[in-house]
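Source file input-v7.txt; content: compact mmCIF, C-alpha atoms.
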```txt
# COMPACT_ATOMS: atom_id res chain seq x y z
CA MET A 11 -86.39 47.09 56.70
CA GLY A 12 -84.46 49.73 54.75
CA GLY A 13 -84.00 52.95 56.68
CA VAL A 14 -85.36 51.51 59.93
CA LEU A 15 -83.42 48.33 60.56
CA THR A 16 -80.55 49.75 58.49
CA THR A 17 -78.57 52.95 58.36
CA PRO A 18 -80.29 55.68 56.30
CA ILE A 19 -81.04 54.59 52.74
CA PHE A 20 -80.93 58.13 51.39
CA GLU A 21 -77.28 58.43 52.39
CA ALA A 22 -76.56 55.46 50.12
CA PHE A 23 -78.52 57.11 47.31
CA LEU A 24 -76.49 60.32 47.67
CA ALA A 25 -73.23 58.39 47.43
CA PHE A 26 -74.50 56.56 44.33
CA GLU A 27 -75.51 59.86 42.74
CA ARG A 28 -72.04 61.28 43.29
CA LYS A 29 -70.46 58.23 41.66
CA LEU A 30 -72.75 58.58 38.63
CA GLY A 31 -72.21 62.33 38.42
CA LEU A 32 -75.90 63.11 38.99
CA PRO A 33 -77.35 66.17 40.73
CA GLU A 34 -78.06 65.68 44.42
CA HIS A 35 -81.46 64.09 45.18
CA SER A 36 -82.15 63.50 41.47
CA LEU A 37 -82.07 59.72 41.85
CA VAL A 38 -84.89 59.60 44.40
CA ARG A 39 -86.95 61.87 42.17
CA LEU A 40 -86.39 59.60 39.17
CA PHE A 41 -87.38 56.56 41.23
CA ARG A 42 -90.79 58.18 41.69
CA GLU A 43 -91.33 59.57 38.18
CA ARG A 44 -93.24 57.82 35.42
CA MET A 45 -91.88 57.66 31.91
CA GLU A 46 -94.28 58.87 29.23
CA GLY A 47 -96.94 56.25 28.54
CA ASP A 48 -96.31 54.30 31.75
CA GLU A 49 -98.98 53.83 34.42
CA GLU A 50 -96.46 53.83 37.27
CA PRO A 51 -92.74 54.49 37.78
CA ASP A 52 -90.33 51.75 36.69
CA PHE A 53 -88.95 51.47 40.23
CA PHE A 54 -92.45 50.70 41.52
CA GLN A 55 -92.74 47.94 38.93
CA LEU A 56 -89.40 46.57 40.10
CA GLU A 57 -90.60 46.51 43.70
CA ARG A 58 -93.81 44.75 42.68
CA GLY A 59 -91.84 42.06 40.90
CA LEU A 60 -93.09 43.00 37.43
CA ILE A 61 -89.68 43.64 35.83
CA THR A 62 -86.21 42.28 36.51
CA GLU A 63 -83.40 44.20 38.12
CA ALA A 64 -81.38 44.08 34.87
CA GLU A 65 -84.31 45.49 32.91
CA TYR A 66 -84.77 48.24 35.48
CA TYR A 67 -81.20 49.49 35.15
CA LYS A 68 -81.62 49.70 31.37
CA ARG A 69 -84.75 51.77 31.86
CA LEU A 70 -83.06 53.92 34.50
CA ALA A 71 -80.20 54.78 32.15
CA ALA A 72 -82.73 55.85 29.52
CA GLN A 73 -84.66 57.84 32.12
CA ILE A 74 -81.53 59.65 33.29
CA LYS A 75 -80.72 60.56 29.70
CA ALA A 76 -84.24 61.77 28.97
CA SER A 77 -84.68 63.70 32.22
CA LEU A 78 -81.17 65.01 32.93
CA GLY A 79 -79.38 64.76 29.61
CA ILE A 80 -76.63 62.66 31.22
CA ASP A 81 -75.29 59.47 29.67
CA VAL A 82 -74.94 56.68 32.24
CA SER A 83 -73.74 53.17 31.49
CA PHE A 84 -74.51 50.47 34.05
CA PRO A 85 -72.60 47.15 34.16
CA ASP A 86 -74.29 44.18 32.52
CA ASP A 87 -74.16 42.34 35.86
CA PRO A 88 -76.91 43.81 38.09
CA SER A 89 -75.09 42.66 41.23
CA ALA A 90 -72.31 45.16 40.48
CA VAL A 91 -74.81 48.01 40.46
CA ARG A 92 -76.44 46.63 43.58
CA LEU A 93 -73.12 46.68 45.39
CA ASP A 94 -72.59 50.34 44.49
CA LEU A 95 -76.10 51.24 45.55
CA TRP A 96 -76.33 49.29 48.80
CA GLY A 97 -72.72 48.52 49.69
CA ASN A 98 -72.51 51.20 52.39
CA VAL A 99 -75.78 50.29 54.11
CA ARG A 100 -75.31 48.75 57.56
CA LYS A 101 -77.55 47.25 60.23
CA ASN A 102 -79.21 49.48 62.79
CA GLU A 103 -78.29 47.26 65.72
CA GLU A 104 -80.32 49.25 68.28
CA MET A 105 -83.53 48.83 66.31
CA LEU A 106 -82.81 45.14 65.80
CA GLU A 107 -82.36 44.78 69.56
CA THR A 108 -85.67 46.57 70.03
CA VAL A 109 -87.38 44.05 67.74
CA ARG A 110 -85.76 41.23 69.70
CA ALA A 111 -87.13 42.72 72.92
CA ILE A 112 -90.65 43.06 71.53
CA ALA A 113 -90.84 39.68 69.78
CA PRO A 114 -91.19 37.42 72.87
CA HIS A 115 -94.23 39.38 74.06
CA TYR A 116 -95.99 40.56 70.89
CA LYS A 117 -96.31 39.55 67.26
CA VAL A 118 -93.73 41.20 65.02
CA GLY A 119 -93.93 41.61 61.26
CA MET A 120 -91.72 43.09 58.58
CA LEU A 121 -93.42 44.89 55.70
CA THR A 122 -90.80 45.77 53.10
CA ASN A 123 -90.74 47.17 49.58
CA ASN A 124 -88.06 45.02 48.03
CA VAL A 125 -86.78 43.43 44.84
CA LYS A 126 -86.71 39.75 43.83
CA GLU A 127 -83.00 39.75 43.15
CA TRP A 128 -82.11 41.46 46.45
CA THR A 129 -82.13 38.29 48.51
CA GLU A 130 -78.87 38.76 50.40
CA TRP A 131 -80.54 40.69 53.19
CA ARG A 132 -82.36 37.55 54.34
CA ASP A 133 -79.00 35.96 55.11
CA ALA A 134 -77.63 39.07 56.82
CA TYR A 135 -80.60 39.93 59.05
CA PRO A 136 -82.27 37.86 61.79
CA VAL A 137 -85.44 37.02 59.89
CA GLU A 138 -86.29 34.35 62.46
CA ILE A 139 -87.42 37.00 64.95
CA PHE A 140 -90.31 38.01 62.69
CA ASP A 141 -93.62 36.15 62.78
CA VAL A 142 -94.49 37.46 59.33
CA ILE A 143 -92.49 38.95 56.44
CA VAL A 144 -94.46 40.61 53.66
CA ASP A 145 -92.23 41.45 50.70
CA SER A 146 -93.66 43.68 47.97
CA CYS A 147 -92.01 41.78 45.12
CA GLU A 148 -93.56 38.52 46.33
CA VAL A 149 -97.13 39.77 46.81
CA GLY A 150 -97.30 42.16 43.83
CA MET A 151 -98.19 45.16 45.99
CA ARG A 152 -96.06 47.85 47.59
CA LYS A 153 -96.31 50.48 50.26
CA PRO A 154 -98.20 52.81 50.38
CA ASP A 155 -100.95 50.72 48.73
CA PRO A 156 -103.61 50.14 51.42
CA GLU A 157 -103.98 46.48 50.43
CA ILE A 158 -100.46 45.58 51.53
CA TYR A 159 -101.07 46.94 55.04
CA HIS A 160 -104.31 44.98 55.27
CA LEU A 161 -102.51 41.85 54.08
CA THR A 162 -99.80 42.26 56.71
CA CYS A 163 -102.32 42.76 59.52
CA LYS A 164 -104.31 39.75 58.32
CA GLN A 165 -101.22 37.55 58.32
CA LEU A 166 -100.36 38.76 61.83
CA GLY A 167 -103.94 38.16 62.96
CA VAL A 168 -104.48 41.71 64.22
CA GLU A 169 -106.69 44.66 63.37
CA PRO A 170 -104.92 47.81 62.10
CA ASN A 171 -105.63 49.68 65.34
CA GLU A 172 -103.83 46.90 67.23
CA ALA A 173 -100.59 47.39 65.30
CA ALA A 174 -97.74 49.88 65.27
CA PHE A 175 -95.96 50.69 62.02
CA VAL A 176 -92.53 52.31 61.65
CA ASP A 177 -91.21 53.60 58.33
CA ASP A 178 -88.73 56.23 57.16
CA ILE A 179 -90.85 57.41 54.20
CA PRO A 180 -93.62 59.91 55.08
CA ALA A 181 -96.05 58.67 52.39
CA ASN A 182 -95.87 55.13 53.80
CA VAL A 183 -96.49 56.40 57.32
CA GLU A 184 -99.41 58.58 56.24
CA ALA A 185 -101.05 55.65 54.44
CA ALA A 186 -100.69 53.49 57.54
CA ALA A 187 -102.18 56.19 59.74
CA ASP A 188 -105.13 56.57 57.38
CA LEU A 189 -105.90 52.88 57.93
CA GLY A 190 -105.80 53.24 61.70
CA LEU A 191 -102.35 51.87 62.50
CA HIS A 192 -100.22 53.55 65.15
CA ALA A 193 -97.93 55.04 62.50
CA ILE A 194 -94.47 56.30 63.44
CA LEU A 195 -92.13 58.16 61.10
CA PHE A 196 -88.58 57.00 61.67
CA THR A 197 -86.43 60.00 62.53
CA HIS A 198 -83.73 58.61 64.78
CA THR A 199 -83.56 55.46 66.83
CA ALA A 200 -83.93 56.89 70.33
CA GLU A 201 -87.06 58.85 69.42
CA VAL A 202 -88.71 55.84 67.80
CA ILE A 203 -87.94 53.65 70.82
CA ASP A 204 -89.52 56.28 73.06
CA ARG A 205 -92.68 56.15 70.95
CA LEU A 206 -92.76 52.35 70.93
CA ARG A 207 -92.26 52.01 74.69
CA PRO A 208 -95.85 52.85 75.79
CA LEU A 209 -97.32 50.71 73.01
CA PHE A 210 -95.40 47.57 74.06
CA PRO A 211 -94.96 47.85 77.83
CA LYS A 212 -94.20 44.17 78.47
CA ALA A 213 -91.25 44.31 76.10
CA PHE A 214 -89.68 47.39 77.61
CA MET A 215 -90.01 46.22 81.21
CA SER A 216 -87.25 43.73 80.41
CA HIS A 217 -85.53 45.74 77.70
CA PRO A 218 -81.72 46.17 77.99
CA ALA A 219 -80.84 49.12 80.22
CA ALA A 220 -78.59 50.63 77.56
CA ILE A 221 -81.59 51.21 75.30
CA LEU A 222 -83.98 52.17 78.09
CA GLU A 223 -81.60 54.96 79.06
CA GLU A 224 -81.33 56.40 75.52
```
Mind turning this structure into structure tokens?
Amino acid sequence: MGGVLTTPIFEAFLAFERKLGLPEHSLVRLFRERMEGDEEPDFFQLERGLITEAEYYKRLAAQIKASLGIDVSFPDDPSAVRLDLWGNVRKNEEMLETVRAIAPHYKVGMLTNNVKEWTEWRDAYPVEIFDVIVDSCEVGMRKPDPEIYHLTCKQLGVEPNEAAFVDDIPANVEAAADLGLHAILFTHTAEVIDRLRPLFPKAFMSHPAAILEE
């Protein structure tokens, strides 16, 4: 979902970094770093549903202090942090229209790394157009773990080589490609639509002219 069916996630991260007074791109790096003694980064545990959002922000503040020497104090209410982090993210309407065009002709699934407390997106996005939604925090796995791709394909009833996968994170795309999916790195909407068109010809025969002419 994030970064494909929404405006770029990394733009939201940059804005959040500026508000916290952090160096540019440091937040993404910290999301991926393990604290000493941990088997995986705290953010990965959050996405797998192993820790709460409130606990994560406590750990993140400690991580920022340890890694950058900067004192950060997050509000006690996690929703306030969530608003700062995701408040500027908007729908990518063209990609949503593309999903709507594909859905009547082919199975469509959403595979998302997400957080238990971040439920608002299900009210804001047309989840009914997806045959399957696999959410990392619900299944205890996250991209780019191979098992979560296999689970998604199984729920859709397709083999990996029968599926296309679009993501804005290179590691997720590379993992999908290794499993045989038609993996597409999201760059910008028009390019992705061009790459989807030959894979789903029935959908694009009746696709809105405005998108066909992109």
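Closest to A:Asp94 among A:His35, A:Arg205, A:Lys164, A:Lys29 is A:Lys29, based on all atoms listed in the file.
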Around all the atoms of stretch 176-192 of chain A listed in the file, draw an axis-aligned box and extend it by 3 Å on each of the six sides; I want its centre and edge lengths in Å to one decimal, as lines of an AutoDock Vina configuration file.
```
center_x = -97.3
center_y = 55.9
center_z = 58.8
size_x = 23.2
size_y = 14.0
size_z = 18.8
```
- Query: So, counting only C-alpha atoms, which residue among A:Asp188, A:Asp178, A:Asp87, A:Asp48 is closest to A:Tyr159?
  - Reply: A:Asp188
- Query: Between A:Val109, A:Val202, A:Phe54, A:Glu63, which is the closest to A:Ser89 once you count only C-alpha atoms?
  - Reply: A:Glu63
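Nearest residue to A:Thr62 among A:Val144, A:Ala200, A:Ala134, A:Val125 is A:Val125, counting only C-alpha atoms.
Nearest to A:Asn123 of all the residues A:Glu57, A:Glu138, A:Glu49, A:Glu148 is A:Glu57, counting all atoms listed in the file.
Distances here use all atoms listed in the file; by that measure, the residue among A:Leu56, A:Gly150, A:Gly31, A:Ala111 closest to A:Lys212 is A:Ala111.
Residues surrounding A:Met151 within 9 Å are Glu57, Arg58, Gly59, Asn123, Asp145, Ser146, Cys147, Glu148, Pro154, Asp155, Glu157 and Ile158 of chain A [all atoms listed in the file; sequence separation below 3 positions excluded].
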A:Ile139 environment, 9 Å, all atoms listed in the file, sequence neighbours closer than 3 positions dropped, as a short mmCIF file (atom, residue, chain, number, x, y, z; two decimals) with C-alpha atoms, keeping the file's coordinate frame:
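Generated file (part-v1.cif):
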```cif
data_model
loop_
_atom_site.label_atom_id
_atom_site.label_comp_id
_atom_site.auth_asym_id
_atom_site.auth_seq_id
_atom_site.Cartn_x
_atom_site.Cartn_y
_atom_site.Cartn_z
CA VAL A 109 -87.38 44.05 67.74
CA ARG A 110 -85.76 41.23 69.70
CA ALA A 113 -90.84 39.68 69.78
CA PRO A 114 -91.19 37.42 72.87
CA VAL A 118 -93.73 41.20 65.02
CA GLY A 119 -93.93 41.61 61.26
CA PRO A 136 -82.27 37.86 61.79
#
```
- Point-to-point distance in Å for atom CA of A:Ala181 and atom CA of A:Leu60: 21.9 Å
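Residue neighbourhood of stretch 15-28 of chain A, excluding near-sequence residues (fewer than 2 positions): Met11, Gly12, Gly13, Leu30, Gly31, Leu32, Pro33, Glu34, His35, Leu37, Asp94, Leu95, Trp96, Asn98, Val99, Arg100, Lys101, Asn102, Met105 and Leu106 of chain A, at 7 Å, using only C-alpha atoms.
For the pair atom CA of A:Arg207 and atom CA of A:Ala193, the separation is 13.8 Å.
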- Within 9 Å of A:Thr199, counting all atoms listed in the file, which residues qualify if same-chain residues fewer than 2 places away don't, as an MDAnalysis selection string? chainID A and resid 14 102 104:105 196:197 201:204
- Contacts of A:Leu78 at 9 Å or less, counting only C-alpha atoms, minus same-chain residues fewer than 3 places along, as JSON, numbers by chain? {"A": [32, 33, 36, 73, 74, 75, 81]}
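Note that the spacing between atom CA of A:Phe214 and atom CA of A:Leu121 amounts to 22.4 Å.
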Missing atoms in stretch 59-91 of chain A should be modelled up to N, CA and C atoms and reported as a short mmCIF file (atom, residue, chain, number, x, y, z; two decimals), keeping the file's coordinate frame.
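Listing of part_7.cif after writing:
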```
data_model
loop_
_atom_site.label_atom_id
_atom_site.label_comp_id
_atom_site.auth_asym_id
_atom_site.auth_seq_id
_atom_site.Cartn_x
_atom_site.Cartn_y
_atom_site.Cartn_z
N GLY A 59 -92.24 43.29 41.53
CA GLY A 59 -91.84 42.06 40.90
C GLY A 59 -92.28 41.93 39.46
N LEU A 60 -92.57 43.04 38.80
CA LEU A 60 -93.09 43.00 37.43
C LEU A 60 -91.98 43.07 36.38
N ILE A 61 -90.83 43.61 36.74
CA ILE A 61 -89.68 43.64 35.83
C ILE A 61 -88.45 43.17 36.60
N THR A 62 -87.43 42.74 35.86
CA THR A 62 -86.21 42.28 36.51
C THR A 62 -85.31 43.46 36.87
N GLU A 63 -84.36 43.17 37.74
CA GLU A 63 -83.40 44.20 38.12
C GLU A 63 -82.58 44.66 36.92
N ALA A 64 -82.16 43.72 36.05
CA ALA A 64 -81.38 44.08 34.87
C ALA A 64 -82.18 44.99 33.94
N GLU A 65 -83.46 44.66 33.75
CA GLU A 65 -84.31 45.49 32.91
C GLU A 65 -84.48 46.88 33.51
N TYR A 66 -84.60 46.94 34.84
CA TYR A 66 -84.77 48.24 35.48
C TYR A 66 -83.58 49.15 35.22
N TYR A 67 -82.36 48.63 35.34
CA TYR A 67 -81.20 49.49 35.15
C TYR A 67 -81.11 50.00 33.71
N LYS A 68 -81.56 49.21 32.75
CA LYS A 68 -81.62 49.70 31.37
C LYS A 68 -82.59 50.87 31.26
N ARG A 69 -83.74 50.71 31.89
CA ARG A 69 -84.75 51.77 31.86
C ARG A 69 -84.27 53.00 32.62
N LEU A 70 -83.56 52.79 33.73
CA LEU A 70 -83.06 53.92 34.50
C LEU A 70 -82.05 54.73 33.70
N ALA A 71 -81.17 54.07 32.97
CA ALA A 71 -80.20 54.78 32.15
C ALA A 71 -80.91 55.65 31.11
N ALA A 72 -81.96 55.09 30.49
CA ALA A 72 -82.73 55.85 29.52
C ALA A 72 -83.46 57.02 30.18
N GLN A 73 -83.95 56.79 31.39
CA GLN A 73 -84.66 57.84 32.12
C GLN A 73 -83.71 58.97 32.50
N ILE A 74 -82.52 58.63 32.94
CA ILE A 74 -81.53 59.65 33.29
C ILE A 74 -81.18 60.49 32.07
N LYS A 75 -81.02 59.84 30.93
CA LYS A 75 -80.72 60.56 29.70
C LYS A 75 -81.86 61.49 29.32
N ALA A 76 -83.09 60.97 29.38
CA ALA A 76 -84.24 61.77 28.97
C ALA A 76 -84.51 62.93 29.92
N SER A 77 -84.33 62.69 31.22
CA SER A 77 -84.68 63.70 32.22
C SER A 77 -83.55 64.68 32.50
N LEU A 78 -82.30 64.17 32.52
CA LEU A 78 -81.17 65.01 32.93
C LEU A 78 -80.17 65.28 31.82
N GLY A 79 -80.32 64.57 30.71
CA GLY A 79 -79.38 64.76 29.61
C GLY A 79 -77.99 64.21 29.90
N ILE A 80 -77.91 63.24 30.81
CA ILE A 80 -76.63 62.66 31.22
C ILE A 80 -76.57 61.20 30.76
N ASP A 81 -75.48 60.86 30.10
CA ASP A 81 -75.29 59.47 29.67
C ASP A 81 -74.70 58.65 30.81
N VAL A 82 -75.39 57.58 31.19
CA VAL A 82 -74.94 56.68 32.24
C VAL A 82 -74.92 55.27 31.67
N SER A 83 -73.85 54.56 31.93
CA SER A 83 -73.74 53.17 31.49
C SER A 83 -73.58 52.27 32.71
N PHE A 84 -74.56 51.39 32.92
CA PHE A 84 -74.51 50.47 34.05
C PHE A 84 -73.86 49.15 33.60
N PRO A 85 -73.17 48.47 34.50
CA PRO A 85 -72.60 47.15 34.16
C PRO A 85 -73.70 46.17 33.77
N ASP A 86 -73.32 45.20 32.93
CA ASP A 86 -74.29 44.18 32.52
C ASP A 86 -74.73 43.32 33.71
N ASP A 87 -73.84 43.15 34.68
CA ASP A 87 -74.16 42.34 35.86
C ASP A 87 -74.88 43.21 36.89
N PRO A 88 -76.16 42.98 37.14
CA PRO A 88 -76.91 43.81 38.09
C PRO A 88 -76.31 43.81 39.49
N SER A 89 -75.64 42.72 39.88
CA SER A 89 -75.09 42.66 41.23
C SER A 89 -74.01 43.71 41.44
N ALA A 90 -73.32 44.12 40.36
CA ALA A 90 -72.31 45.16 40.48
C ALA A 90 -72.95 46.51 40.79
N VAL A 91 -74.08 46.78 40.17
CA VAL A 91 -74.81 48.01 40.46
C VAL A 91 -75.36 47.96 41.88
#
```
